[in-house]
Amino acid sequence: MKTVEIYIAVRASEGRPRPVAPGGAPGVARFVCKTNPSEPSTMASVRLSSAQPAGTQSLAIAFSDGSEAVYSLMWLLDSCPEGFHPQTGERAFDLLSVPDALLLRCADILSDGRLELQWEHEGPASHFSADWLAAHRPGTPRADAAIVTHRYWRAADLPDGAPRHDARAILNDDAALMAWLVDTKKHGLTIVHDIEGKGEASMAIARRIGFLRETNFGQTFEVINKADPNNLAYTSLALALHTDLTNQETPPGYQFLHCITNDAEGGGSVFADGFAMAQVLRDSDPQAFETLARTRIPCRFFDRECDIRTHQPVITLDATGAIQEIRFNAHLVDIIDLPIASVDAWYRAYRAFMRLTRDPAFRLSFRMAAGEMTAFDNRRILHGREAFNPATGNRHLHGCYVDRVEYDSRMRMLDRT
Ligand code: OGA
Ligand code: ZN
């Protein structure tokens, strides 16, 4: 970040900065920013913006790199670092303690270089460093170490399989942990190898990231062939590609499946990038894509102890229209309750997406070995398995989840150190 120093300079004709009367003329107070006060050529101004909504004022700040930003006075008051608790960092400022129409009384540059704004309403002055103003130009999102560009993939893009990371390195080395988190977010899927020990060992790796997400299946779960299953995963049947717990208001973010034993016949794993498939649908059949993104459908899981339901779309987009989440689990789709006018269009779209999940070009198939763990974004990557024959041996996976927000928090904390 470029360091910009702000100091006040008033044109000779204006004298010292004087109070700006209510409704006062724009340009009365004038500030100058420059990277080096002894170099007048780098000067740029800070002035009252000429585009003032009636009864209000805003500040236009021209930075020494030639850019200019207009700051809303309400935003300045609400964002002023002094309005935040010094220890907790939470906002303590009460937005309704100031009038609707804000007016500046005067602005000054203090000897420490900070901009001071005094207000017509009763209340403390606000102070801003030039660096802070430069870093918080309106509309600038905060820098975020958790942002990783997704690399969409098909099977052919991963000729060596999913990227592999060493368990001991992840457990003992923060840089290795960060590298794994970045890779898992980028591709949506990685394999952790050489996990020593059974269930608790993989949980320790997941806990390196954050809290485990508890669900109705517990904080961790055993994927084994059970005598009295409440979930198809707990049988020896094949599982078509799916994401887990689409019936939850927010399905679990990252999923970890640690292979304890896999010596039965069958039981191979399959993964596919739901974002890549959704993008293909968007390009090839935009109407189907829109239908899946716009239509909320009912999803439900129920057993003897719970009945958890939600209505959500198969494809969720973020505010920019980017694909943010895939919810795809044919086993958990409840009886479709769409009106007759839209039901067939939805089935056409859903079947088009489902057909893509069967296309081998998207499917990465491999056999998990004991001591390996797949780590994947359950809201992006679809996973499944072949049927296995429990008469020929055992198959046992130990699973848990960590939500996306916890995951992102760990990335930011690792970046902070
Ligand atoms: C699950 C699941 C996959 C497998 O438990 O949700 O999809 O390989 N398991 O058994
Ligand atoms: Zn699953």
# chains A, B, ... in the order shown; residues from 1 in each chain; ligands from 1
call {"tool": "residues_near_ligand", "arguments": {"ligand": "ligand 1", "cutoff": "10 Å", "atoms": "only C-alpha atoms and all ligand atoms", "output": "count of residues only"}}
result
48
call {"tool": "residues_around", "arguments": {"residues": "region 320-328 of chain A", "least_positions_apart": "3", "cutoff": "6 Å", "atoms": "only C-alpha atoms", "output": "PyMOL selection string"}}
result
chain A and resi 242-243+246+314-317+379-380
call {"tool": "residues_around", "arguments": {"residues": "Leu158 (chain A)", "least_positions_apart": "2", "cutoff": "12 Å", "atoms": "only C-alpha atoms", "output": "number ranges by chain"}}
result
A: 151-156, 160-164, 187, 189-190, 271-273, 361-366
call {"tool": "closest_residue", "arguments": {"among": "A:Ala330, A:Ala92, A:Met413, A:Ala69", "to": "ligand 2", "atoms": "only C-alpha atoms and all ligand atoms"}}
result
A:Ala330
call {"tool": "closest_residue", "arguments": {"among": "A:Ile340, A:Leu181, A:Ile308, A:Ala125", "to": "Thr215 (chain A)", "atoms": "only C-alpha atoms"}}
result
A:Ile308
call {"tool": "closest_residue", "arguments": {"among": "A:Ala276, A:Met354, A:Ala107, A:Leu332", "to": "ligand 2", "atoms": "only C-alpha atoms and all ligand atoms"}}
result
A:Leu332
call {"tool": "select_by_dssp", "arguments": {"residues": "region 181-409 of chain A", "states": "alpha helix (DSSP H)", "output": "VMD selection string"}}
result
chain A and resid 181 to 187 199 to 207 274 to 284 286 to 294 340 to 357 404 to 409
call {"tool": "residues_around", "arguments": {"residues": "Val98 (chain A)", "least_positions_apart": "4", "cutoff": "10 Å", "atoms": "only C-alpha atoms", "output": "ChimeraX atom specification"}}
result
/A:74,77-78,93-94,102,119,121-123
call {"tool": "write_last_selection", "arguments": {"atoms": "N, CA and C atoms", "output": "compact mmCIF listing (two decimals), in the first residue's frame"}}
result
# COMPACT_ATOMS: atom_id res chain seq x y z
N MET A 74 -21.49 10.08 6.32
CA MET A 74 -22.09 9.07 7.19
C MET A 74 -21.17 7.85 7.27
N LEU A 77 -18.16 8.63 9.52
CA LEU A 77 -18.49 8.53 10.94
C LEU A 77 -18.63 7.08 11.37
N ASP A 78 -19.28 6.29 10.54
CA ASP A 78 -19.57 4.90 10.89
C ASP A 78 -18.32 4.03 10.84
N PHE A 93 -19.75 2.53 18.03
CA PHE A 93 -20.47 3.73 17.58
C PHE A 93 -21.94 3.41 17.32
N ASP A 94 -22.82 4.29 17.82
CA ASP A 94 -24.26 4.12 17.59
C ASP A 94 -24.68 5.01 16.43
N LEU A 102 -25.67 15.16 7.78
CA LEU A 102 -24.44 15.50 8.49
C LEU A 102 -23.78 16.72 7.88
N TRP A 119 -17.64 18.09 13.75
CA TRP A 119 -18.99 18.00 13.23
C TRP A 119 -19.89 19.09 13.80
N HIS A 121 -23.00 18.53 14.60
CA HIS A 121 -23.77 17.90 15.68
C HIS A 121 -22.85 17.69 16.88
N GLU A 122 -23.46 17.50 18.03
CA GLU A 122 -22.68 17.27 19.23
C GLU A 122 -22.05 15.88 19.18
N GLY A 123 -20.80 15.80 19.50
CA GLY A 123 -20.15 14.49 19.47
C GLY A 123 -18.67 14.68 19.21
call {"tool": "closest_residue", "arguments": {"among": "A:Ile336, A:Ala101, A:Ile195, A:Ala145", "to": "Ile260 (chain A)", "atoms": "only C-alpha atoms"}}
result
A:Ile195
call {"tool": "atom_distance", "arguments": {"atom1": "CA of Leu73 (chain A)", "atom2": "CA of Asp100 (chain A)"}}
result
10.5 Å
call {"tool": "atom_distance", "arguments": {"atom1": "CA of Gly210 (chain A)", "atom2": "CA of Glu406 (chain A)"}}
result
5.5 Å
call {"tool": "residues_around", "arguments": {"residues": "His311 (chain A)", "least_positions_apart": "3", "cutoff": "8 Å", "atoms": "only C-alpha atoms", "output": "CSV table (one decimal) with C-alpha atoms, in the first residue's frame"}}
result
chain,number,residue,atom,x,y,z
A,247,ASN,CA,-31.4,-30.9,3.5
A,296,ARG,CA,-35.9,-23.7,-4.7
A,297,ILE,CA,-36.7,-27.4,-4.3
A,298,PRO,CA,-37.5,-29.3,-1.1
A,299,CYS,CA,-34.7,-31.5,0.5
call {"tool": "closest_residue", "arguments": {"among": "A:Asn329, A:Gln287, A:Thr250, A:Ser409", "to": "ligand 2", "atoms": "only C-alpha atoms and all ligand atoms"}}
result
A:Asn329
call {"tool": "select_by_dssp", "arguments": {"residues": "region 53-234 of chain A", "states": "strand (DSSP E)", "output": "ChimeraX atom specification"}}
result
/A:58-62,68-72,104-109,115-119,126-128,164-166,189-193,220-223
call {"tool": "write_last_selection", "arguments": {"atoms": "C-alpha atoms", "output": "PDB file, in the first residue's frame"}}
result
ATOM      1  CA  SER A  58     -19.172  14.429   1.381  1.00  0.00           C
ATOM      2  CA  LEU A  59     -15.426  14.603   1.077  1.00  0.00           C
ATOM      3  CA  ALA A  60     -13.546  14.171  -2.169  1.00  0.00           C
ATOM      4  CA  ILE A  61      -9.972  13.110  -1.646  1.00  0.00           C
ATOM      5  CA  ALA A  62      -7.526  13.186  -4.506  1.00  0.00           C
ATOM      6  CA  GLU A  68      -9.788  10.482  -6.413  1.00  0.00           C
ATOM      7  CA  ALA A  69     -12.335   9.017  -4.048  1.00  0.00           C
ATOM      8  CA  VAL A  70     -15.493  10.539  -2.629  1.00  0.00           C
ATOM      9  CA  TYR A  71     -16.236   9.575   0.969  1.00  0.00           C
ATOM     10  CA  SER A  72     -19.724   9.798   2.388  1.00  0.00           C
ATOM     11  CA  LEU A 104     -18.831  19.334   8.767  1.00  0.00           C
ATOM     12  CA  ARG A 105     -17.879  22.186  11.070  1.00  0.00           C
ATOM     13  CA  CYS A 106     -14.241  22.079  10.156  1.00  0.00           C
ATOM     14  CA  ALA A 107     -11.466  19.871   9.026  1.00  0.00           C
ATOM     15  CA  ASP A 108      -7.844  20.054   9.998  1.00  0.00           C
ATOM     16  CA  ILE A 109      -4.621  18.142   9.747  1.00  0.00           C
ATOM     17  CA  LEU A 115      -7.154  14.255   9.241  1.00  0.00           C
ATOM     18  CA  GLU A 116      -9.504  15.596  11.910  1.00  0.00           C
ATOM     19  CA  LEU A 117     -13.152  16.189  11.165  1.00  0.00           C
ATOM     20  CA  GLN A 118     -15.271  18.219  13.555  1.00  0.00           C
ATOM     21  CA  TRP A 119     -18.994  17.996  13.228  1.00  0.00           C
ATOM     22  CA  SER A 126     -13.247  11.891  13.923  1.00  0.00           C
ATOM     23  CA  HIS A 127      -9.658  11.138  12.963  1.00  0.00           C
ATOM     24  CA  PHE A 128      -8.246   9.256   9.993  1.00  0.00           C
ATOM     25  CA  ARG A 164      -1.486 -35.058  -2.393  1.00  0.00           C
ATOM     26  CA  HIS A 165      -0.311 -33.632   0.921  1.00  0.00           C
ATOM     27  CA  ASP A 166       1.609 -35.252   3.755  1.00  0.00           C
ATOM     28  CA  LEU A 189     -10.278 -31.793  -3.542  1.00  0.00           C
ATOM     29  CA  THR A 190      -6.985 -33.130  -2.157  1.00  0.00           C
ATOM     30  CA  ILE A 191      -5.726 -36.349  -0.610  1.00  0.00           C
ATOM     31  CA  VAL A 192      -3.845 -36.384   2.687  1.00  0.00           C
ATOM     32  CA  HIS A 193      -1.538 -39.380   2.919  1.00  0.00           C
ATOM     33  CA  THR A 220     -17.706 -37.444  13.431  1.00  0.00           C
ATOM     34  CA  PHE A 221     -19.243 -40.414  11.671  1.00  0.00           C
ATOM     35  CA  GLU A 222     -18.290 -43.957  10.732  1.00  0.00           C
ATOM     36  CA  VAL A 223     -19.009 -44.928   7.134  1.00  0.00           C
TER      37      VAL A 223
END
call {"tool": "closest_residue", "arguments": {"among": "A:Pro339, A:Pro99, A:Phe217, A:Ala349", "to": "ligand 2", "atoms": "only C-alpha atoms and all ligand atoms"}}
result
A:Phe217
